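Source file: input11.tsv (TSV, C-alpha atoms and all ligand atoms)
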chain	number	residue	atom	x	y	z
R	30	MET	CA	54.44	23.77	146.75
R	31	ASN	CA	52.24	26.50	145.32
R	32	GLN	CA	49.90	28.68	147.38
R	33	ASP	CA	46.87	26.42	146.80
R	34	GLU	CA	48.84	23.39	147.98
R	35	LEU	CA	49.94	25.29	151.11
R	36	LYS	CA	46.30	26.18	151.84
R	37	ALA	CA	45.27	22.55	151.46
R	38	LEU	CA	48.13	21.53	153.78
R	39	VAL	CA	47.09	23.84	156.62
R	40	GLY	CA	43.41	23.04	156.04
R	41	ARG	CA	44.17	19.38	156.74
R	42	ALA	CA	46.50	20.23	159.65
R	43	ALA	CA	43.67	22.07	161.42
R	44	LEU	CA	41.82	18.76	161.85
R	45	ASP	CA	44.25	17.97	164.69
R	46	HIS	CA	42.69	20.87	166.63
R	47	VAL	CA	39.07	19.76	166.18
R	48	VAL	CA	37.58	18.36	169.38
R	49	ALA	CA	35.75	15.06	168.82
R	50	GLY	CA	31.99	15.26	169.37
R	51	SER	CA	31.97	19.06	169.41
R	52	ILE	CA	30.50	21.82	167.25
R	53	VAL	CA	33.27	23.52	165.26
R	54	GLY	CA	33.42	27.25	164.52
R	55	VAL	CA	34.15	27.73	160.83
R	56	GLY	CA	35.50	30.88	159.19
R	57	THR	CA	35.43	32.01	155.57
R	58	GLY	CA	37.79	32.13	152.62
R	59	SER	CA	39.77	29.98	150.22
R	60	THR	CA	41.93	28.49	153.02
R	61	VAL	CA	38.83	27.68	155.06
R	62	ASP	CA	37.31	26.04	151.97
R	63	CYS	CA	40.21	23.57	152.18
R	64	PHE	CA	39.51	23.07	155.89
R	65	ILE	CA	35.81	22.41	155.20
R	66	ASP	CA	36.71	19.84	152.56
R	67	ALA	CA	39.05	18.12	155.03
R	68	LEU	CA	36.41	18.32	157.78
R	69	ALA	CA	34.03	16.38	155.55
R	70	GLY	CA	36.34	13.39	155.96
R	71	ILE	CA	35.71	13.31	159.73
R	72	LYS	CA	32.12	14.58	159.75
R	73	SER	CA	30.87	11.52	161.67
R	74	GLN	CA	33.19	12.55	164.53
R	75	ILE	CA	31.74	16.07	165.04
R	76	ALA	CA	28.30	17.31	166.03
R	77	GLY	CA	28.31	20.01	163.36
R	78	ALA	CA	29.49	23.55	162.74
R	79	VAL	CA	28.65	27.19	163.30
R	80	SER	CA	29.42	29.10	160.14
R	81	SER	CA	30.60	32.68	159.61
R	82	SER	CA	29.13	33.24	156.13
R	83	VAL	CA	26.59	32.13	153.58
R	84	ARG	CA	29.52	30.88	151.47
R	85	SER	CA	30.85	28.57	154.21
R	86	THR	CA	27.34	27.44	155.19
R	87	GLU	CA	26.65	26.31	151.63
R	88	ARG	CA	29.94	24.42	151.43
R	89	LEU	CA	29.42	22.74	154.81
R	90	GLN	CA	25.89	21.69	153.91
R	91	ALA	CA	27.00	20.40	150.51
R	92	HIS	CA	29.27	18.02	152.44
R	93	GLY	CA	26.37	16.96	154.67
R	94	ILE	CA	27.72	18.74	157.76
R	95	ARG	CA	24.99	20.10	160.04
R	96	VAL	CA	25.13	23.88	160.48
R	97	PHE	CA	23.90	25.39	163.76
R	98	GLU	CA	22.88	29.01	164.29
R	99	ALA	CA	25.29	30.98	166.48
R	100	SER	CA	22.37	31.61	168.85
R	101	GLU	CA	22.02	27.85	169.42
R	102	VAL	CA	25.42	27.49	171.11
R	103	GLU	CA	26.90	28.99	174.27
R	104	SER	CA	30.50	28.28	173.45
R	105	LEU	CA	32.71	26.47	171.00
R	106	PRO	CA	36.00	24.76	171.84
R	107	VAL	CA	37.63	25.88	168.60
R	108	TYR	CA	37.16	28.41	165.79
R	109	VAL	CA	39.17	27.81	162.59
R	110	ASP	CA	39.66	30.68	160.16
R	111	GLY	CA	42.12	32.25	157.75
R	112	ALA	CA	43.64	35.73	157.85
R	113	ASP	CA	44.85	38.42	155.49
R	114	GLU	CA	47.75	39.28	157.81
R	115	ILE	CA	49.01	37.97	161.14
R	116	ASP	CA	51.58	39.71	163.35
R	117	PRO	CA	54.07	38.23	165.86
R	118	GLN	CA	51.48	38.47	168.68
R	119	GLY	CA	48.77	36.63	166.74
R	120	CYS	CA	46.80	39.81	165.98
R	121	MET	CA	45.26	39.73	162.53
R	122	ILE	CA	43.72	41.70	159.71
R	123	LYS	CA	40.67	39.89	158.40
R	124	GLY	CA	37.77	40.69	156.09
R	125	GLY	CA	39.29	40.26	152.65
R	126	GLY	CA	36.25	38.10	151.92
R	127	ALA	CA	33.87	40.67	153.51
R	128	ALA	CA	32.79	38.20	156.22
R	129	LEU	CA	34.51	39.95	159.14
R	130	THR	CA	31.42	40.73	161.23
R	131	ARG	CA	30.13	37.17	161.42
R	132	GLU	CA	33.71	35.93	161.76
R	133	LYS	CA	34.19	38.07	164.88
R	134	ILE	CA	30.82	36.94	166.27
R	135	VAL	CA	31.70	33.26	165.90
R	136	ALA	CA	35.28	33.82	167.12
R	137	ASP	CA	33.80	35.44	170.23
R	138	LEU	CA	32.01	32.18	171.06
R	139	ALA	CA	35.20	30.15	170.84
R	140	LEU	CA	37.73	29.26	173.51
R	141	ARG	CA	40.55	29.04	170.93
R	142	PHE	CA	41.13	30.68	167.55
R	143	VAL	CA	43.11	28.45	165.20
R	144	CYS	CA	44.40	30.56	162.32
R	145	ILE	CA	45.29	28.78	159.09
R	146	ALA	CA	47.37	30.70	156.58
R	147	ASP	CA	50.13	30.43	154.05
R	148	ALA	CA	53.45	32.03	154.95
R	149	SER	CA	52.78	35.16	152.85
R	150	LYS	CA	50.28	36.31	155.51
R	151	ARG	CA	52.91	36.71	158.23
R	152	VAL	CA	53.98	40.35	158.81
R	153	ASP	CA	55.92	42.29	161.43
R	154	VAL	CA	53.35	45.11	161.61
R	155	LEU	CA	49.73	45.01	160.39
R	156	GLY	CA	48.62	47.36	157.62
R	157	ARG	CA	50.21	46.43	154.33
R	158	PHE	CA	46.95	44.65	153.44
R	159	PRO	CA	44.19	47.30	153.12
R	160	LEU	CA	42.14	47.12	156.32
R	161	PRO	CA	38.51	46.04	155.70
R	162	VAL	CA	35.87	47.80	157.78
R	163	GLU	CA	32.14	47.05	157.61
R	164	VAL	CA	30.22	50.32	157.76
R	165	VAL	CA	26.56	51.41	157.69
R	166	PRO	CA	26.26	53.25	154.33
R	167	MET	CA	24.99	56.48	155.94
R	168	ALA	CA	28.25	56.78	157.93
R	169	VAL	CA	30.72	56.11	155.11
R	170	ALA	CA	31.71	59.73	154.40
R	171	GLN	CA	32.41	60.50	158.07
R	172	VAL	CA	34.29	57.22	158.59
R	173	ARG	CA	36.46	58.03	155.54
R	174	ARG	CA	37.29	61.45	157.06
R	175	ARG	CA	38.22	59.86	160.38
R	176	PHE	CA	40.59	57.40	158.67
R	177	ALA	CA	42.09	60.25	156.64
R	178	ALA	CA	42.91	61.98	159.92
R	179	LEU	CA	44.87	58.84	160.89
R	180	GLY	CA	46.72	58.87	157.56
R	181	GLY	CA	44.55	56.21	155.90
R	182	ASP	CA	42.83	56.28	152.54
R	183	ALA	CA	39.47	54.50	152.94
R	184	ARG	CA	37.98	53.33	149.66
R	185	VAL	CA	34.52	51.84	149.27
R	186	ARG	CA	34.66	48.26	147.93
R	187	GLU	CA	32.52	48.70	144.85
R	188	GLY	CA	29.69	46.25	144.20
R	189	VAL	CA	29.99	44.53	147.58
R	190	VAL	CA	27.10	44.20	150.02
R	191	THR	CA	27.87	42.09	153.08
R	192	ASP	CA	25.75	39.19	154.39
R	193	ASN	CA	24.45	41.82	156.84
R	194	GLY	CA	23.41	44.30	154.12
R	195	GLN	CA	26.19	46.83	154.83
R	196	CYS	CA	29.16	48.07	152.82
R	197	ILE	CA	32.91	47.56	153.15
R	198	VAL	CA	35.61	50.19	153.06
R	199	ASP	CA	39.24	49.12	152.56
R	200	VAL	CA	41.71	51.43	154.26
R	201	HIS	CA	45.07	51.83	152.54
R	202	GLY	CA	48.23	53.30	154.01
R	203	LEU	CA	47.83	52.40	157.69
R	204	ARG	CA	50.57	51.09	159.96
R	205	ILE	CA	48.85	49.39	162.91
R	206	ALA	CA	51.59	49.07	165.51
R	207	GLU	CA	49.15	48.83	168.46
R	208	PRO	CA	46.32	46.64	167.19
R	209	LEU	CA	44.34	46.44	170.44
R	210	ALA	CA	44.27	50.23	170.97
R	211	PHE	CA	43.45	50.76	167.29
R	212	GLU	CA	40.58	48.24	167.33
R	213	THR	CA	39.18	49.79	170.52
R	214	GLU	CA	39.29	53.29	169.01
R	215	VAL	CA	37.68	52.45	165.67
R	216	ASN	CA	34.99	50.39	167.42
R	217	GLN	CA	33.79	53.67	169.02
R	218	TRP	CA	33.04	55.39	165.74
R	219	PRO	CA	29.30	55.65	164.97
R	220	GLY	CA	28.36	53.58	161.94
R	221	VAL	CA	31.31	51.19	162.18
R	222	VAL	CA	29.82	47.71	162.38
R	223	THR	CA	33.12	45.83	162.58
R	224	VAL	CA	36.75	46.76	162.11
R	225	GLY	CA	38.86	44.02	160.54
R	226	VAL	CA	41.56	44.14	163.21
R	227	PHE	CA	41.30	40.99	165.33
R	228	ALA	CA	43.30	41.87	168.45
R	229	ARG	CA	40.70	41.13	171.12
R	230	HIS	CA	40.03	37.92	169.25
R	231	ARG	CA	43.60	37.19	168.22
R	232	ALA	CA	44.81	33.74	167.28
R	233	SER	CA	45.72	31.23	169.99
R	234	VAL	CA	47.69	29.29	167.43
R	235	CYS	CA	48.61	29.78	163.79
R	236	LEU	CA	49.23	26.88	161.42
R	237	LEU	CA	51.45	28.47	158.83
R	238	GLY	CA	51.95	26.74	155.49
R	239	THR	CA	55.61	26.94	154.42
R	240	PRO	CA	57.53	25.10	151.69
R	241	GLU	CA	59.09	23.05	154.51
R	242	GLY	CA	55.69	22.03	155.89
R	243	VAL	CA	53.32	23.30	158.57
R	244	GLN	CA	54.89	25.60	161.14
R	245	THR	CA	52.88	25.88	164.39
R	246	LEU	CA	53.06	29.29	166.07
R	247	ARG	CA	51.58	29.64	169.56
R	248	TYR	CA	50.69	32.98	171.18
R	301	LIG	C1	37.23	36.61	154.98
R	301	LIG	C2	38.54	36.54	155.67
R	301	LIG	C3	39.50	35.48	155.23
R	301	LIG	O1	39.80	34.68	156.30
R	301	LIG	C4	40.74	36.14	154.72
R	301	LIG	O2	40.39	37.07	153.69
R	301	LIG	C5	41.72	35.12	154.14
R	301	LIG	O3	41.17	34.52	153.01
R	301	LIG	P1	41.94	33.46	152.14
R	301	LIG	O4	42.03	32.21	152.96
R	301	LIG	O5	41.07	33.29	150.92
R	301	LIG	O6	43.29	34.02	151.81
R	301	LIG	O7	38.84	37.27	156.59
R	301	LIG	O8	36.48	37.69	155.42
Write the structure described by the file as structure tokens, please.
Amino acid sequence: MNQDELKALVGRAALDHVVAGSIVGVGTGSTVDCFIDALAGIKSQIAGAVSSSVRSTERLQAHGIRVFEASEVESLPVYVDGADEIDPQGCMIKGGGAALTREKIVADLALRFVCIADASKRVDVLGRFPLPVEVVPMAVAQVRRRFAALGGDARVREGVVTDNGQCIVDVHGLRIAEPLAFETEVNQWPGVVTVGVFARHRASVCLLGTPEGVQTLRY
């Protein structure tokens, strides 16, 4: 199976975690696109979705799935999203698609985070994938200096403006052995909108696409 087939496999597998009659939290990315396409097949069994990006909203609506605003719901039973990396505790790096802020907002509404990923995303320690951070443009130079002090090389993602009108820096060269402490620290820095470490909102379960089939990891 190639990577696209593995993404389709886990996208379909995530349907088993969707609660009938509920509103589903929906992430962003190529793996989530597969989930959205699979969700269309059971759309009569759900009330709708809360989306984490313009991209996912457009795909959901194209399938005729109702999209609710995050402010319209108090909680969601399940949030389904991909990841750029996932560690043995279910902590993740996210934001490769620049949607990390809305992803964290929707994940915060959910009782369970179901991560869908192909096996290449599994790592022992987070940081090989450059860490995305959404930053207010005025703060970029200072945020870059702060990452440099931690040994990271923060590079502005050229030509990218997020759905929230901010910019993204990708931080190379980090080794994030304590994701929760790291997320807490970077969250304090003025001008940081969202850091792409998901430790407070780590996965409850990961459906990992492997050549042998879907492996279910629980945390
Ligand atoms: C978007 C994300 C995605 O979930 C992450 O980049 C994985 O994407 P893909 O499924 O395309 O590999 O965090 O901001």
Quiz prompt | Surroundings of ligand LIG 301 (chain R) up to 9 Å, based on only C-alpha atoms and all ligand atoms, as a ChimeraX atom specification | solution = /R:36,56-63,81-82,110-114,122-132,144-147,150,161,225
Self-check item: Near-His46 (chain R) list (8 Å; only C-alpha atoms; drop same-chain fewer than 3 positions) as a list in words
Solution: Ala42, Ala43, Val107 and Val143 of chain R
Quiz prompt | Best match for closeness to Val200 (chain R) among R:Ala232, R:Leu160, R:Leu179, R:Ile134, counting all atoms listed in the file | solution =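 Looking only at the distances to Val200 (chain R), the closest residue turns out to be R:Leu160.
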Quiz item: Nearest to Thr191 (chain R) among R:Phe211, R:Arg84, R:Ala206, R:Ala78, with distances taken over only C-alpha atoms: which residue is it?
Solution: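 Among R:Phe211, R:Arg84, R:Ala206, R:Ala78, it is R:Arg84 that comes nearest to Thr191 (chain R).
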Self-check item: From R:Ala69, R:Leu105, R:Val154, R:Cys120, residue lying nearest His230 (chain R) [all atoms listed in the file]
Solution: R:Cys120
Quiz item: Which of these residues is nearest to Phe97 (chain R), using all atoms listed in the file: R:Cys235, R:Ile197, R:Val152, R:Val79?
Solution: R:Val79
Exercise. Find the spatial neighbours of Leu209 (chain R), counting only C-alpha atoms, within a cut-off of 7 Å - ignore same-chain residues fewer than 2 positions away - and output them as a PyMOL selection string.
Key: chain R and resi 207+211-213+228-229
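Among R:Cys196, R:Ile75, R:Gln217, R:Glu34, the residue with the shortest atom-to-atom distance to Ala49 (chain R), counting only C-alpha atoms, is R:Ile75.
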Exercise. Quick one: everything within 10 Å of Ile65 (chain R), counting all atoms listed in the file, minus sequence neighbours fewer than 6 positions away in the same chain. Send it as a VMD selection string.
Key: chain R and resid 40 to 41 44 55 to 57 59 72 78 85 to 86 88 to 89 92 94 109
Produce the centre coordinates and the three edge lengths, each in Å to one decimal, of the box along x, y and z that contains all listed atoms of region 48-52 of chain R with 5 Å added on each side, as lines of an AutoDock Vina configuration file.
center_x = 34.0
center_y = 18.4
center_z = 168.3
size_x = 17.1
size_y = 16.8
size_z = 12.2
Quiz item: How many Å lie between CA of Thr245 (chain R) and CA of Ser73 (chain R), rounded to one decimal?
Solution: 26.4 Å
Quiz prompt | Counting all atoms listed in the file, the option among R:Gln244, R:Ser51, R:Gln90, R:Asn216 closest to Ala148 (chain R) | solution = R:Gln244
